[in-house]
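Source file: run21.txt. Holds: compact mmCIF, N, CA and C atoms.
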```
# COMPACT_ATOMS: atom_id res chain seq x y z
N MET A 994 147.02 110.20 85.87
CA MET A 994 148.11 109.50 85.23
C MET A 994 147.52 108.40 84.36
N LEU A 995 147.71 108.55 83.08
CA LEU A 995 147.24 107.59 82.08
C LEU A 995 148.41 107.43 81.12
N ALA A 996 149.07 106.26 81.17
CA ALA A 996 150.32 106.15 80.43
C ALA A 996 150.65 104.73 80.01
N ILE A 997 151.50 104.67 79.00
CA ILE A 997 152.17 103.45 78.59
C ILE A 997 153.64 103.70 78.90
N VAL A 998 154.26 102.79 79.66
CA VAL A 998 155.67 102.97 80.04
C VAL A 998 156.49 101.77 79.59
N ASP A 999 157.74 102.04 79.28
CA ASP A 999 158.66 100.99 78.89
C ASP A 999 159.59 100.73 80.07
N GLY A 1000 159.16 99.87 80.96
CA GLY A 1000 159.92 99.57 82.17
C GLY A 1000 158.99 99.43 83.34
N PRO A 1001 159.55 99.21 84.52
CA PRO A 1001 158.72 98.98 85.71
C PRO A 1001 157.76 100.13 85.99
N ILE A 1002 156.59 99.76 86.49
CA ILE A 1002 155.55 100.74 86.85
C ILE A 1002 155.77 101.19 88.28
N ASP A 1003 155.72 102.49 88.51
CA ASP A 1003 155.81 103.05 89.85
C ASP A 1003 154.40 102.99 90.46
N VAL A 1004 154.13 101.91 91.19
CA VAL A 1004 152.80 101.68 91.74
C VAL A 1004 152.39 102.81 92.68
N GLY A 1005 153.32 103.30 93.47
CA GLY A 1005 153.02 104.40 94.39
C GLY A 1005 152.59 105.66 93.67
N ALA A 1006 153.20 105.95 92.54
CA ALA A 1006 152.83 107.14 91.76
C ALA A 1006 151.44 106.98 91.15
N VAL A 1007 151.11 105.76 90.72
CA VAL A 1007 149.77 105.52 90.17
C VAL A 1007 148.74 105.70 91.27
N ARG A 1008 149.02 105.15 92.45
CA ARG A 1008 148.11 105.31 93.59
C ARG A 1008 147.93 106.79 93.94
N ALA A 1009 149.04 107.51 93.99
CA ALA A 1009 148.97 108.94 94.34
C ALA A 1009 148.12 109.72 93.34
N ALA A 1010 148.16 109.33 92.08
CA ALA A 1010 147.38 110.03 91.06
C ALA A 1010 145.88 109.84 91.24
N ALA A 1011 145.48 108.81 91.95
CA ALA A 1011 144.05 108.55 92.19
C ALA A 1011 143.61 109.01 93.58
N SER A 1012 144.50 109.62 94.31
CA SER A 1012 144.22 110.00 95.70
C SER A 1012 143.62 111.40 95.81
N ASP A 1013 142.87 111.59 96.86
CA ASP A 1013 142.30 112.89 97.20
C ASP A 1013 141.94 112.83 98.68
N PRO A 1014 142.17 113.89 99.43
CA PRO A 1014 141.85 113.87 100.86
C PRO A 1014 140.37 113.63 101.17
N SER A 1015 139.50 113.87 100.19
CA SER A 1015 138.07 113.66 100.43
C SER A 1015 137.64 112.22 100.17
N PHE A 1016 138.53 111.39 99.69
CA PHE A 1016 138.18 110.01 99.37
C PHE A 1016 138.29 109.11 100.59
N GLY A 1017 137.32 108.22 100.71
CA GLY A 1017 137.35 107.21 101.76
C GLY A 1017 137.82 105.86 101.23
N ALA A 1018 138.04 105.77 99.91
CA ALA A 1018 138.48 104.50 99.32
C ALA A 1018 139.45 104.76 98.18
N ILE A 1019 140.54 104.04 98.20
CA ILE A 1019 141.49 104.01 97.08
C ILE A 1019 141.79 102.55 96.85
N LEU A 1020 141.53 102.10 95.65
CA LEU A 1020 141.73 100.70 95.29
C LEU A 1020 142.81 100.64 94.23
N VAL A 1021 143.82 99.80 94.46
CA VAL A 1021 144.91 99.62 93.50
C VAL A 1021 144.89 98.18 93.02
N PHE A 1022 144.74 98.01 91.71
CA PHE A 1022 144.79 96.70 91.09
C PHE A 1022 146.12 96.57 90.36
N GLU A 1023 146.82 95.46 90.61
CA GLU A 1023 148.05 95.15 89.89
C GLU A 1023 147.84 93.85 89.13
N GLY A 1024 147.93 93.90 87.82
CA GLY A 1024 147.91 92.69 87.01
C GLY A 1024 149.35 92.22 86.86
N VAL A 1025 149.66 91.05 87.40
CA VAL A 1025 151.04 90.58 87.44
C VAL A 1025 151.20 89.31 86.60
N GLY A 1026 152.43 89.08 86.17
CA GLY A 1026 152.74 87.88 85.41
C GLY A 1026 152.70 86.65 86.30
N ARG A 1027 152.08 85.58 85.81
CA ARG A 1027 152.01 84.33 86.57
C ARG A 1027 152.95 83.30 85.94
N HIS A 1028 153.33 82.30 86.70
CA HIS A 1028 154.36 81.36 86.27
C HIS A 1028 153.87 80.19 85.44
N ASP A 1029 152.54 80.07 85.22
CA ASP A 1029 152.07 78.98 84.37
C ASP A 1029 150.80 79.40 83.65
N PHE A 1030 150.59 78.76 82.50
CA PHE A 1030 149.37 78.99 81.74
C PHE A 1030 149.03 77.69 81.03
N GLU A 1031 147.85 77.16 81.35
CA GLU A 1031 147.36 75.92 80.75
C GLU A 1031 148.40 74.81 80.79
N GLY A 1032 149.04 74.66 81.95
CA GLY A 1032 149.99 73.57 82.16
C GLY A 1032 151.39 73.82 81.64
N ARG A 1033 151.63 74.98 81.05
CA ARG A 1033 152.97 75.29 80.54
C ARG A 1033 153.64 76.29 81.48
N ARG A 1034 154.91 76.09 81.72
CA ARG A 1034 155.69 76.98 82.59
C ARG A 1034 156.04 78.26 81.84
N VAL A 1035 155.60 79.40 82.37
CA VAL A 1035 155.89 80.71 81.79
C VAL A 1035 157.14 81.26 82.47
N VAL A 1036 158.11 81.70 81.68
CA VAL A 1036 159.35 82.24 82.25
C VAL A 1036 159.40 83.76 82.21
N GLN A 1037 158.68 84.36 81.25
CA GLN A 1037 158.57 85.82 81.21
C GLN A 1037 157.47 86.22 80.24
N LEU A 1038 157.09 87.48 80.32
CA LEU A 1038 156.11 88.05 79.40
C LEU A 1038 156.79 89.19 78.65
N ALA A 1039 156.33 89.45 77.46
CA ALA A 1039 156.81 90.59 76.69
C ALA A 1039 155.60 91.31 76.12
N TYR A 1040 155.54 92.61 76.33
CA TYR A 1040 154.40 93.41 75.85
C TYR A 1040 154.87 94.42 74.82
N GLU A 1041 154.03 94.60 73.81
CA GLU A 1041 154.22 95.65 72.82
C GLU A 1041 152.94 96.48 72.77
N ALA A 1042 153.11 97.76 72.47
CA ALA A 1042 151.95 98.65 72.39
C ALA A 1042 152.20 99.72 71.36
N TYR A 1043 151.13 100.24 70.84
CA TYR A 1043 151.17 101.41 69.97
C TYR A 1043 150.74 102.58 70.86
N ALA A 1044 151.72 103.23 71.51
CA ALA A 1044 151.43 104.24 72.53
C ALA A 1044 150.59 105.40 72.01
N GLU A 1045 150.85 105.83 70.78
CA GLU A 1045 150.09 106.96 70.24
C GLU A 1045 148.61 106.64 70.12
N MET A 1046 148.29 105.37 70.02
CA MET A 1046 146.90 104.94 69.95
C MET A 1046 146.39 104.52 71.34
N ALA A 1047 147.27 103.97 72.15
CA ALA A 1047 146.86 103.42 73.45
C ALA A 1047 146.52 104.51 74.47
N VAL A 1048 147.29 105.57 74.52
CA VAL A 1048 147.02 106.62 75.52
C VAL A 1048 145.64 107.24 75.32
N PRO A 1049 145.22 107.56 74.09
CA PRO A 1049 143.85 108.06 73.93
C PRO A 1049 142.78 107.05 74.36
N VAL A 1050 143.05 105.75 74.23
CA VAL A 1050 142.10 104.74 74.71
C VAL A 1050 142.02 104.81 76.24
N LEU A 1051 143.17 104.92 76.91
CA LEU A 1051 143.16 105.06 78.37
C LEU A 1051 142.40 106.32 78.78
N GLU A 1052 142.63 107.42 78.05
CA GLU A 1052 141.93 108.67 78.35
C GLU A 1052 140.42 108.51 78.17
N SER A 1053 140.02 107.80 77.15
CA SER A 1053 138.60 107.57 76.89
C SER A 1053 137.96 106.74 78.01
N ILE A 1054 138.64 105.69 78.43
CA ILE A 1054 138.12 104.85 79.51
C ILE A 1054 137.98 105.66 80.79
N ALA A 1055 138.99 106.46 81.11
CA ALA A 1055 138.93 107.29 82.33
C ALA A 1055 137.79 108.31 82.23
N ALA A 1056 137.61 108.90 81.05
CA ALA A 1056 136.53 109.88 80.86
C ALA A 1056 135.16 109.21 81.00
N GLU A 1057 135.02 108.01 80.47
CA GLU A 1057 133.76 107.27 80.63
C GLU A 1057 133.48 107.00 82.11
N ALA A 1058 134.51 106.61 82.83
CA ALA A 1058 134.33 106.31 84.26
C ALA A 1058 133.93 107.56 85.04
N THR A 1059 134.60 108.68 84.76
CA THR A 1059 134.28 109.89 85.52
C THR A 1059 132.91 110.45 85.12
N ALA A 1060 132.46 110.19 83.90
CA ALA A 1060 131.10 110.60 83.50
C ALA A 1060 130.06 109.74 84.20
N ARG A 1061 130.35 108.46 84.32
CA ARG A 1061 129.40 107.52 84.95
C ARG A 1061 129.40 107.63 86.47
N TRP A 1062 130.58 107.87 87.05
CA TRP A 1062 130.75 108.01 88.49
C TRP A 1062 131.42 109.34 88.77
N PRO A 1063 130.65 110.44 88.76
CA PRO A 1063 131.25 111.76 88.97
C PRO A 1063 132.01 111.84 90.29
N GLY A 1064 133.14 112.52 90.23
CA GLY A 1064 133.93 112.72 91.44
C GLY A 1064 135.00 111.67 91.67
N CYS A 1065 135.02 110.61 90.87
CA CYS A 1065 136.06 109.59 91.05
C CYS A 1065 137.35 110.04 90.36
N ARG A 1066 138.42 109.37 90.70
CA ARG A 1066 139.69 109.55 89.99
C ARG A 1066 140.16 108.18 89.53
N VAL A 1067 140.65 108.14 88.30
CA VAL A 1067 141.13 106.88 87.72
C VAL A 1067 142.53 107.12 87.16
N ALA A 1068 143.46 106.27 87.53
CA ALA A 1068 144.82 106.30 86.98
C ALA A 1068 145.12 104.90 86.45
N MET A 1069 145.68 104.83 85.24
CA MET A 1069 146.00 103.54 84.63
C MET A 1069 147.34 103.62 83.92
N VAL A 1070 148.18 102.62 84.17
CA VAL A 1070 149.47 102.54 83.50
C VAL A 1070 149.67 101.11 83.05
N HIS A 1071 150.04 100.94 81.78
CA HIS A 1071 150.37 99.62 81.24
C HIS A 1071 151.83 99.65 80.82
N ARG A 1072 152.48 98.56 81.05
CA ARG A 1072 153.90 98.45 80.77
C ARG A 1072 154.15 97.76 79.43
N THR A 1073 155.25 98.13 78.79
CA THR A 1073 155.72 97.40 77.62
C THR A 1073 157.10 96.83 77.95
N GLY A 1074 157.60 95.99 77.05
CA GLY A 1074 158.90 95.38 77.27
C GLY A 1074 158.79 94.06 78.02
N ILE A 1075 159.91 93.60 78.53
CA ILE A 1075 159.98 92.33 79.25
C ILE A 1075 159.48 92.50 80.67
N VAL A 1076 158.56 91.62 81.08
CA VAL A 1076 158.00 91.65 82.43
C VAL A 1076 158.29 90.30 83.08
N ALA A 1077 158.99 90.34 84.19
CA ALA A 1077 159.30 89.11 84.92
C ALA A 1077 158.06 88.60 85.64
N ILE A 1078 158.06 87.33 85.93
CA ILE A 1078 156.96 86.73 86.68
C ILE A 1078 156.84 87.43 88.03
N GLY A 1079 155.61 87.79 88.39
CA GLY A 1079 155.35 88.48 89.65
C GLY A 1079 155.38 89.99 89.56
N GLU A 1080 155.92 90.54 88.48
CA GLU A 1080 155.94 92.00 88.32
C GLU A 1080 154.64 92.47 87.67
N PRO A 1081 154.20 93.70 87.99
CA PRO A 1081 152.98 94.19 87.36
C PRO A 1081 153.19 94.62 85.91
N SER A 1082 152.25 94.22 85.08
CA SER A 1082 152.24 94.68 83.70
C SER A 1082 151.20 95.79 83.52
N VAL A 1083 150.24 95.85 84.42
CA VAL A 1083 149.24 96.91 84.41
C VAL A 1083 148.89 97.26 85.85
N VAL A 1084 148.69 98.55 86.09
CA VAL A 1084 148.25 99.02 87.41
C VAL A 1084 147.11 100.00 87.18
N ILE A 1085 146.02 99.76 87.88
CA ILE A 1085 144.86 100.64 87.83
C ILE A 1085 144.57 101.07 89.26
N ALA A 1086 144.50 102.38 89.48
CA ALA A 1086 144.15 102.91 90.79
C ALA A 1086 142.89 103.75 90.64
N VAL A 1087 141.99 103.57 91.58
CA VAL A 1087 140.73 104.29 91.58
C VAL A 1087 140.53 104.88 92.97
N GLY A 1088 140.11 106.14 92.99
CA GLY A 1088 139.78 106.79 94.24
C GLY A 1088 138.35 107.30 94.20
N THR A 1089 137.61 107.08 95.30
CA THR A 1089 136.22 107.52 95.40
C THR A 1089 135.89 107.85 96.86
N PRO A 1090 134.80 108.56 97.07
CA PRO A 1090 134.40 108.83 98.44
C PRO A 1090 134.03 107.55 99.22
N HIS A 1091 133.48 106.52 98.52
CA HIS A 1091 133.01 105.31 99.20
C HIS A 1091 133.50 104.06 98.47
N ARG A 1092 133.59 102.94 99.18
CA ARG A 1092 134.22 101.73 98.65
C ARG A 1092 133.43 101.02 97.55
N ALA A 1093 132.12 100.98 97.62
CA ALA A 1093 131.34 100.19 96.67
C ALA A 1093 131.60 100.64 95.23
N GLU A 1094 131.51 101.94 94.98
CA GLU A 1094 131.76 102.40 93.62
C GLU A 1094 133.22 102.26 93.22
N CYS A 1095 134.10 102.28 94.20
CA CYS A 1095 135.53 102.10 93.91
C CYS A 1095 135.75 100.73 93.24
N TYR A 1096 135.14 99.70 93.78
CA TYR A 1096 135.26 98.36 93.19
C TYR A 1096 134.61 98.31 91.80
N GLU A 1097 133.46 98.93 91.66
CA GLU A 1097 132.76 98.93 90.36
C GLU A 1097 133.61 99.62 89.29
N ILE A 1098 134.17 100.75 89.62
CA ILE A 1098 134.96 101.51 88.66
C ILE A 1098 136.23 100.76 88.29
N SER A 1099 136.87 100.16 89.26
CA SER A 1099 138.09 99.40 88.99
C SER A 1099 137.80 98.26 88.02
N ARG A 1100 136.73 97.53 88.26
CA ARG A 1100 136.36 96.41 87.38
C ARG A 1100 136.00 96.93 85.99
N TYR A 1101 135.25 98.02 85.95
CA TYR A 1101 134.88 98.62 84.66
C TYR A 1101 136.14 99.01 83.88
N ALA A 1102 137.05 99.70 84.52
CA ALA A 1102 138.27 100.16 83.85
C ALA A 1102 139.11 98.98 83.37
N LEU A 1103 139.25 97.96 84.19
CA LEU A 1103 140.04 96.79 83.80
C LEU A 1103 139.44 96.09 82.60
N GLU A 1104 138.14 95.83 82.62
CA GLU A 1104 137.50 95.12 81.52
C GLU A 1104 137.53 95.95 80.23
N ALA A 1105 137.35 97.26 80.34
CA ALA A 1105 137.43 98.12 79.16
C ALA A 1105 138.85 98.12 78.60
N LEU A 1106 139.82 98.20 79.47
CA LEU A 1106 141.22 98.15 79.04
C LEU A 1106 141.53 96.84 78.33
N LYS A 1107 141.13 95.73 78.91
CA LYS A 1107 141.39 94.41 78.31
C LYS A 1107 140.73 94.28 76.94
N ALA A 1108 139.56 94.87 76.77
CA ALA A 1108 138.84 94.76 75.51
C ALA A 1108 139.34 95.72 74.43
N ARG A 1109 139.86 96.88 74.82
CA ARG A 1109 140.09 97.94 73.83
C ARG A 1109 141.52 98.41 73.67
N LEU A 1110 142.38 98.17 74.64
CA LEU A 1110 143.72 98.75 74.60
C LEU A 1110 144.60 98.04 73.57
N PRO A 1111 145.24 98.79 72.66
CA PRO A 1111 146.12 98.16 71.67
C PRO A 1111 147.48 97.79 72.28
N VAL A 1112 147.45 96.72 73.07
CA VAL A 1112 148.64 96.17 73.71
C VAL A 1112 148.65 94.68 73.40
N TRP A 1113 149.82 94.15 73.07
CA TRP A 1113 149.94 92.74 72.71
C TRP A 1113 150.92 92.06 73.63
N LYS A 1114 150.53 90.85 74.09
CA LYS A 1114 151.33 90.10 75.07
C LYS A 1114 151.89 88.83 74.44
N LYS A 1115 153.16 88.61 74.68
CA LYS A 1115 153.82 87.37 74.27
C LYS A 1115 154.22 86.62 75.54
N GLU A 1116 153.70 85.41 75.68
CA GLU A 1116 154.11 84.57 76.81
C GLU A 1116 155.29 83.72 76.35
N VAL A 1117 156.35 83.77 77.11
CA VAL A 1117 157.55 82.99 76.80
C VAL A 1117 157.59 81.82 77.78
N TYR A 1118 157.57 80.60 77.21
CA TYR A 1118 157.55 79.38 78.00
C TYR A 1118 158.94 78.75 77.99
N GLU A 1119 159.11 77.75 78.82
CA GLU A 1119 160.37 76.99 78.81
C GLU A 1119 160.57 76.32 77.45
N ASP A 1120 159.48 76.00 76.77
CA ASP A 1120 159.57 75.24 75.52
C ASP A 1120 159.02 75.99 74.31
N GLY A 1121 159.04 77.32 74.32
CA GLY A 1121 158.54 78.09 73.18
C GLY A 1121 157.86 79.36 73.63
N SER A 1122 157.03 79.93 72.76
CA SER A 1122 156.33 81.16 73.10
C SER A 1122 155.05 81.26 72.27
N ALA A 1123 154.16 82.16 72.70
CA ALA A 1123 152.91 82.38 72.00
C ALA A 1123 152.41 83.79 72.28
N TRP A 1124 151.88 84.43 71.23
CA TRP A 1124 151.21 85.72 71.39
C TRP A 1124 149.80 85.46 71.88
N LYS A 1125 149.34 86.28 72.83
CA LYS A 1125 148.01 86.10 73.43
C LYS A 1125 147.14 87.29 73.12
N ALA A 1126 145.92 87.02 72.78
CA ALA A 1126 144.95 88.09 72.52
C ALA A 1126 144.54 88.70 73.85
N ASN A 1127 144.29 89.99 73.84
CA ASN A 1127 143.83 90.71 75.02
C ASN A 1127 142.31 90.69 74.98
N THR A 1128 141.69 89.86 75.80
CA THR A 1128 140.24 89.72 75.76
C THR A 1128 139.62 90.03 77.12
N PRO A 1129 138.40 90.55 77.11
CA PRO A 1129 137.73 90.83 78.39
C PRO A 1129 137.32 89.54 79.07
N ASP A 1130 137.10 89.65 80.35
CA ASP A 1130 136.64 88.52 81.17
C ASP A 1130 135.17 88.25 80.82
N PRO A 1131 134.86 87.02 80.34
CA PRO A 1131 133.47 86.73 79.97
C PRO A 1131 132.52 86.70 81.16
N THR A 1132 133.04 86.63 82.38
CA THR A 1132 132.18 86.63 83.56
C THR A 1132 131.92 88.03 84.10
N ALA A 1133 132.56 89.03 83.48
CA ALA A 1133 132.40 90.41 83.95
C ALA A 1133 130.99 90.91 83.68
N PRO A 1134 130.48 91.73 84.57
CA PRO A 1134 129.13 92.29 84.37
C PRO A 1134 129.08 93.23 83.19
```
Before anything else, please render the file you have as structure tokens.
Amino acid sequence: MLAIVDGPIDVGAVRAAASDPSFGAILVFEGVGRHDFEGRRVVQLAYEAYAEMAVPVLESIAAEATARWPGCRVAMVHRTGIVAIGEPSVVIAVGTPHRAECYEISRYALEALKARLPVWKKEVYEDGSAWKANTPDPTAP
């Protein structure tokens, strides 16, 4: 499952897409909206995406992961539209035979998604709004 959806993400379906009876580890990451950013109260998030371009990027990231870690499964879904505080805007599920690579793959997929996915986020504050760039974590390996 590699998708851009307009509405709530079915976390259970994303998890199921990364599952296999031979796996000893399934890791589900949910990126959720937080209620503040740099001292400003965030009331909601709004995401826009170019799905025709974004889905191939998700497919590429998943293919890179499975080439680097054969036998893993990666499922990624990013949401568009209005996202309430506490709701997931992105869900990444990874399944592997062992836990160590599960964490590595999840981090790899998340950082690649943040750096490359054509998705744009607008933070709506009590006193205005701002578009935020999607950037990778500078502390990521």
If you count only N, CA and C atoms, which residues fall within 6 Å of A:Ile1078, apart from same-chain ones fewer than 2 positions away, as JSON, numbers by chain?
{"A": [1026, 1027, 1028, 1036, 1037, 1038, 1076, 1080]}
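Rounded to one decimal, atom CA of A:Ala1077 and atom CA of A:Ala1042 lie 17.4 Å from each other.
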Using DSSP on the backbone coordinates, identify the residues of chain A assigned to strand (DSSP E); present them as a PyMOL selection string.
chain A and resi 995-999+1018-1025+1029-1030+1033-1042+1066-1077+1081-1089+1112-1118+1121-1125
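With distances restricted to only N, CA and C atoms, A:Gly1074 is the closest residue to A:Tyr1040 from A:Gly1074, A:Gly1024, A:Gly1000, A:Gly1064.
Shortest atom-to-atom contact with A:Leu1020 among A:Ala1047, A:Ala996, A:Val1117, A:Ile1098: A:Ile1098, counting only C-alpha atoms.
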Find the residue from A:Pro1063, A:Gly1032, A:Pro1001, A:Pro1014 that sits nearest to A:Cys1095; use only C-alpha atoms when measuring.
A:Pro1063
Fewer than 5 positions away in the same chain doesn't count, so skip those; otherwise give me all residues within 8 Å of stretch 1083-1092 of chain A, counting all atoms listed in the file, as number ranges by chain.
A: 1002-1004, 1007-1013, 1015-1026, 1063-1073, 1097-1099, 1102-1103
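One finds atom CA of A:Ala1044 at 24.9 Å from atom N of A:Tyr1118.
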Check stretch 1023-1116 of chain A with DSSP on the backbone and list each residue it calls alpha helix (DSSP H), as a PyMOL selection string.
chain A and resi 1044-1061+1092-1109
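The spacing separating atom CA of A:Met1046 from atom N of A:Ser1082 amounts to 19.3 Å.
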If you count only C-alpha atoms, the residue of A:Val998, A:Ala1006, A:Val1035, A:Ile1075 closest to A:Asp1120 turns out to be A:Val1035
